[in-house]
Amino acid sequence: MSGSPYASHSEGDTEAMLEAVGVDRVEELFDVPESVRFEGEFGIDAKSEQAALRETKRRLAANDDLTEFLGRGHYEHYVPSLVDSVSQRSEFITSYTQYQPEVTQGFLQVLFEYQSLLVELTGLGVANCSMYDEATALAEAALLAKRVRAADGDRVLVPEYVRDSHVSVLENYTGGSEVTVERYATEAGNVDVDALEAAMAEDVVMVYAENPTTLGTVEEQLHAVGDLADSHDALFCLGSDPVAMSILQRPADVGADVVVGDASVLGMPTSYGTGLGVFATREEFLRQVPGRLVGASEDDSGTRAFTLTLQTREQHIRKERATSNICTNQAWVALRAAIHAAWLGADGLVDLAERMVELPRDLAASLDDVRGVTAPIHDDRHHVREFQARTDQPAPAVADDLEAEGFAVHAVDDHTLQVCVTDANEHAADEFVAAVREVSE
């Protein structure tokens, strides 16, 4: 056997295949410059399939078995088994981009439903059928703002609470477009409107805020943010997610021009990196939307049909007219989000969101009864899924002690923990409070 140990690639098989394609060596099938070729050895012994699986299981068993109360942009909700059952059908799991509508009507219809869900939740006229994640969607919003703003300008303002990782992606993504990113102050977990107003000028192309924020707080100043952006001819970009949007102020109603976020809160378990970028905007910016749109049309017989109606990247149109270089997208993850949303229905989605307000409120109250812990820090705010708690003891040490007890939380700074609770970990809330009491008192 040569090549893969799990498939029959005997020397005779290999020679026959090479002869069929008209080459003498396997290396001729690959155009790899010699300057970057690896000529060494990996030092990995060949193993049978059975041995390789056994070794993989052994290594995975070394992972810590922790109950996570982690949030800050990564949220897990219970995903019904129906989502796996439908999304893993062969016509979905093996599908590439839906360029051939005649053979991908089912997938296209689901993506159309996903876009329709976002349009209904945001109140905006257009939503694309998915982007990589929240951070890149934010960067695409900044580039859109740079393109459509009538006056000259290059400044994008983001609040202090935005995660450093998002700002890093935003700066990297917009590096070639002369966009500059600046943070503006926040107060008690929400936008400091006076500080934002002081930062505004005619060269601001976009203002960003979140609801809920990275801290878990519900942003109460959205109308003011929208008004400030509008008065300076800047776009207002709002970060949120489909679950939260089902009960919070509708983005269009507070003046949002673009909504970004992560829709993988539906349809996906915690995936440690795999996201589903939300991008919705006003209909007047239709031809500036990055990626692609699924639309409804009619076939030759007059039957309703679905197709990709807008593709604004350089692969499909002249390079100078492209709005984005986004290549693949998260269509299969969007499919799962749409299935999950349909399973919940409108009432079920609202019920889930309301639970995400009740759970952190109750858990914060329990933690506040622990000596040496104050929760939530922003006690005059409503929270969604998560909140911050102040600890008398050093927060990193408390987080380490909690890890030893089987729980994972974020240590935000020297005396601040951030705790996230959803329907996926609420069953362990009492044990978590007991662990916090043990390591804090």
# chains A, B, ... in the order shown; residues from 1 in each chain; ligands from 1

call {"tool": "residues_around", "arguments": {"residues": "A:Phe432", "least_positions_apart": "2", "cutoff": "9 Å", "atoms": "only C-alpha atoms", "output": "list in words"}}
result
Thr67, Phe69, Leu402, Glu405, Gly406, Phe407, Ala428, Ala429, Asp430, Ala434, Ala435, Val436 and Arg437 of chain A

call {"tool": "write_last_selection", "arguments": {"atoms": "N, CA and C atoms", "output": "PDB file, in the first residue's frame"}}
result
ATOM      1  N   THR A  67     -17.354  22.981  32.455  1.00  0.00           N
ATOM      2  CA  THR A  67     -18.647  23.591  32.151  1.00  0.00           C
ATOM      3  C   THR A  67     -18.392  25.070  31.924  1.00  0.00           C
ATOM      4  N   PHE A  69     -19.010  28.959  31.374  1.00  0.00           N
ATOM      5  CA  PHE A  69     -19.850  30.141  31.570  1.00  0.00           C
ATOM      6  C   PHE A  69     -19.170  31.303  30.841  1.00  0.00           C
ATOM      7  N   LEU A 402     -11.761  28.448  39.927  1.00  0.00           N
ATOM      8  CA  LEU A 402     -13.001  27.916  39.364  1.00  0.00           C
ATOM      9  C   LEU A 402     -12.710  26.850  38.310  1.00  0.00           C
ATOM     10  N   GLU A 405     -12.259  23.699  39.815  1.00  0.00           N
ATOM     11  CA  GLU A 405     -13.539  23.140  40.258  1.00  0.00           C
ATOM     12  C   GLU A 405     -14.398  22.678  39.081  1.00  0.00           C
ATOM     13  N   GLY A 406     -13.919  22.902  37.841  1.00  0.00           N
ATOM     14  CA  GLY A 406     -14.644  22.414  36.670  1.00  0.00           C
ATOM     15  C   GLY A 406     -15.453  23.463  35.930  1.00  0.00           C
ATOM     16  N   PHE A 407     -15.168  24.767  36.166  1.00  0.00           N
ATOM     17  CA  PHE A 407     -15.942  25.833  35.517  1.00  0.00           C
ATOM     18  C   PHE A 407     -14.994  26.827  34.838  1.00  0.00           C
ATOM     19  N   ALA A 428     -26.287  23.947  35.387  1.00  0.00           N
ATOM     20  CA  ALA A 428     -25.145  23.916  36.295  1.00  0.00           C
ATOM     21  C   ALA A 428     -25.012  25.203  37.096  1.00  0.00           C
ATOM     22  N   ALA A 429     -26.015  26.073  37.043  1.00  0.00           N
ATOM     23  CA  ALA A 429     -25.904  27.383  37.691  1.00  0.00           C
ATOM     24  C   ALA A 429     -25.733  27.261  39.203  1.00  0.00           C
ATOM     25  N   ASP A 430     -26.499  26.401  39.853  1.00  0.00           N
ATOM     26  CA  ASP A 430     -26.397  26.262  41.312  1.00  0.00           C
ATOM     27  C   ASP A 430     -25.014  25.746  41.716  1.00  0.00           C
ATOM     28  N   ALA A 434     -22.114  27.681  43.979  1.00  0.00           N
ATOM     29  CA  ALA A 434     -21.468  27.032  45.120  1.00  0.00           C
ATOM     30  C   ALA A 434     -19.942  27.049  44.974  1.00  0.00           C
ATOM     31  N   ALA A 435     -19.462  26.845  43.728  1.00  0.00           N
ATOM     32  CA  ALA A 435     -18.020  26.885  43.485  1.00  0.00           C
ATOM     33  C   ALA A 435     -17.461  28.287  43.699  1.00  0.00           C
ATOM     34  N   VAL A 436     -18.187  29.303  43.240  1.00  0.00           N
ATOM     35  CA  VAL A 436     -17.752  30.672  43.438  1.00  0.00           C
ATOM     36  C   VAL A 436     -17.689  30.997  44.935  1.00  0.00           C
ATOM     37  N   ARG A 437     -18.671  30.526  45.679  1.00  0.00           N
ATOM     38  CA  ARG A 437     -18.674  30.763  47.129  1.00  0.00           C
ATOM     39  C   ARG A 437     -17.456  30.096  47.776  1.00  0.00           C
TER      40      ARG A 437
END

call {"tool": "residues_around", "arguments": {"residues": "stretch 359-361 of chain A", "least_positions_apart": "2", "cutoff": "7 Å", "atoms": "only C-alpha atoms", "output": "list in words"}}
result
Arg355, Met356, Val357, Leu363, Ala364, Ala365, His383, Val384, Arg385, Glu386, Phe387, Val421 and Thr422 of chain A

call {"tool": "closest_atom_pairs", "arguments": {"of": "stretch 255-333 of chain A", "to": "stretch 164-187 of chain A", "cutoff": "12 Å", "atoms": "only C-alpha atoms", "output": "CSV"}}
result
residue,atom,partner,partner_atom,distance
A:Gly261,CA,A:His166,CA,11.2
A:Ser324,CA,A:Tyr173,CA,10.7
A:Asn325,CA,A:Tyr173,CA,10.7
A:Ile326,CA,A:Tyr173,CA,11.2

call {"tool": "residues_around", "arguments": {"residues": "A:Ala244", "least_positions_apart": "6", "cutoff": "9 Å", "atoms": "only C-alpha atoms", "output": "tab-separated table (two decimals) with N, CA and C atoms, in the first residue's frame"}}
result
chain	number	residue	atom	x	y	z
A	211	ASN	N	-25.89	46.24	20.65
A	211	ASN	CA	-27.06	46.01	21.50
A	211	ASN	C	-27.52	44.56	21.35
A	212	PRO	N	-27.22	43.71	22.36
A	212	PRO	CA	-26.52	44.00	23.60
A	212	PRO	C	-25.03	44.21	23.35
A	350	VAL	N	-38.93	34.56	20.64
A	350	VAL	CA	-39.13	35.57	21.69
A	350	VAL	C	-39.01	34.93	23.07
A	353	ALA	N	-35.38	34.47	23.84
A	353	ALA	CA	-34.73	35.75	24.15
A	353	ALA	C	-35.11	36.25	25.54
A	354	GLU	N	-36.37	36.13	25.90
A	354	GLU	CA	-36.78	36.55	27.24
A	354	GLU	C	-36.09	35.74	28.32
A	356	MET	N	-33.16	34.66	28.06
A	356	MET	CA	-31.78	35.16	28.11
A	356	MET	C	-31.66	36.45	28.90
A	384	VAL	N	-28.38	40.78	28.67
A	384	VAL	CA	-28.76	39.64	27.83
A	384	VAL	C	-27.63	38.63	27.87

call {"tool": "closest_residue", "arguments": {"among": "A:Val294, A:Ile247, A:Val258, A:Ala346", "to": "A:Gln98", "atoms": "only C-alpha atoms"}}
result
A:Val294

call {"tool": "closest_residue", "arguments": {"among": "A:Leu118, A:Val191, A:Ala16, A:Val218", "to": "A:Asp379", "atoms": "only C-alpha atoms"}}
result
A:Val218

call {"tool": "closest_residue", "arguments": {"among": "A:Glu68, A:Glu426, A:Glu91, A:Asp241", "to": "A:Val265", "atoms": "only C-alpha atoms"}}
result
A:Asp241

call {"tool": "atom_distance", "arguments": {"atom1": "atom CA of A:Glu431", "atom2": "atom CA of A:His378"}}
result
23.9 Å

call {"tool": "residues_around", "arguments": {"residues": "A:His415", "least_positions_apart": "4", "cutoff": "7 Å", "atoms": "only C-alpha atoms", "output": "list in words"}}
result
Arg390, Thr391, Asp392, Gln393, Pro394 and Ala395 of chain A

call {"tool": "select_by_dssp", "arguments": {"residues": "stretch 256-439 of chain A", "states": "alpha helix (DSSP H)", "output": "MDAnalysis selection string"}}
result
chainID A and resid 331:368 395:404 429:439

call {"tool": "atom_distance", "arguments": {"atom1": "atom CA of A:Leu235", "atom2": "atom CA of A:Ala256"}}
result
7.6 Å

call {"tool": "select_by_dssp", "arguments": {"residues": "stretch 121-160 of chain A", "states": "strand (DSSP E or B)", "output": "list in words"}}
result
Val126, Ala127, Met131, Arg155, Val156, Leu157, Val158 and Pro159 of chain A

call {"tool": "residues_around", "arguments": {"residues": "stretch 274-282 of chain A", "least_positions_apart": "6", "cutoff": "7 Å", "atoms": "only C-alpha atoms", "output": "PDB file with C-alpha atoms, in the first residue's frame"}}
result
ATOM      1  CA  LEU A 124     -33.884  47.002   6.966  1.00  0.00           C
ATOM      2  CA  GLY A 125     -34.600  46.217   3.334  1.00  0.00           C
ATOM      3  CA  VAL A 126     -31.682  43.987   2.351  1.00  0.00           C
ATOM      4  CA  ALA A 127     -29.784  41.147   4.035  1.00  0.00           C
ATOM      5  CA  ASN A 128     -27.141  39.045   2.333  1.00  0.00           C
ATOM      6  CA  SER A 130     -24.119  35.193   4.955  1.00  0.00           C
ATOM      7  CA  MET A 131     -20.626  36.374   5.717  1.00  0.00           C
ATOM      8  CA  TYR A 132     -17.709  34.878   7.617  1.00  0.00           C
ATOM      9  CA  ASP A 133     -18.345  36.290  11.075  1.00  0.00           C
ATOM     10  CA  GLU A 134     -19.249  39.412  13.029  1.00  0.00           C
ATOM     11  CA  ALA A 137     -19.072  41.945   8.655  1.00  0.00           C
ATOM     12  CA  ASP A 257     -28.163  52.021   8.422  1.00  0.00           C
ATOM     13  CA  VAL A 258     -26.303  48.710   8.701  1.00  0.00           C
ATOM     14  CA  VAL A 259     -26.678  45.785  11.097  1.00  0.00           C
ATOM     15  CA  VAL A 260     -23.876  43.294  11.654  1.00  0.00           C
ATOM     16  CA  GLY A 261     -23.488  40.470  14.119  1.00  0.00           C
ATOM     17  CA  ASP A 262     -23.256  36.718  14.418  1.00  0.00           C
ATOM     18  CA  ALA A 263     -26.247  34.530  13.588  1.00  0.00           C
ATOM     19  CA  SER A 264     -24.543  31.304  14.669  1.00  0.00           C
ATOM     20  CA  GLN A 330     -21.170  30.419   5.487  1.00  0.00           C
ATOM     21  CA  VAL A 333     -24.254  27.562   8.694  1.00  0.00           C
ATOM     22  CA  ALA A 334     -26.952  29.982   7.486  1.00  0.00           C
TER      23      ALA A 334
END
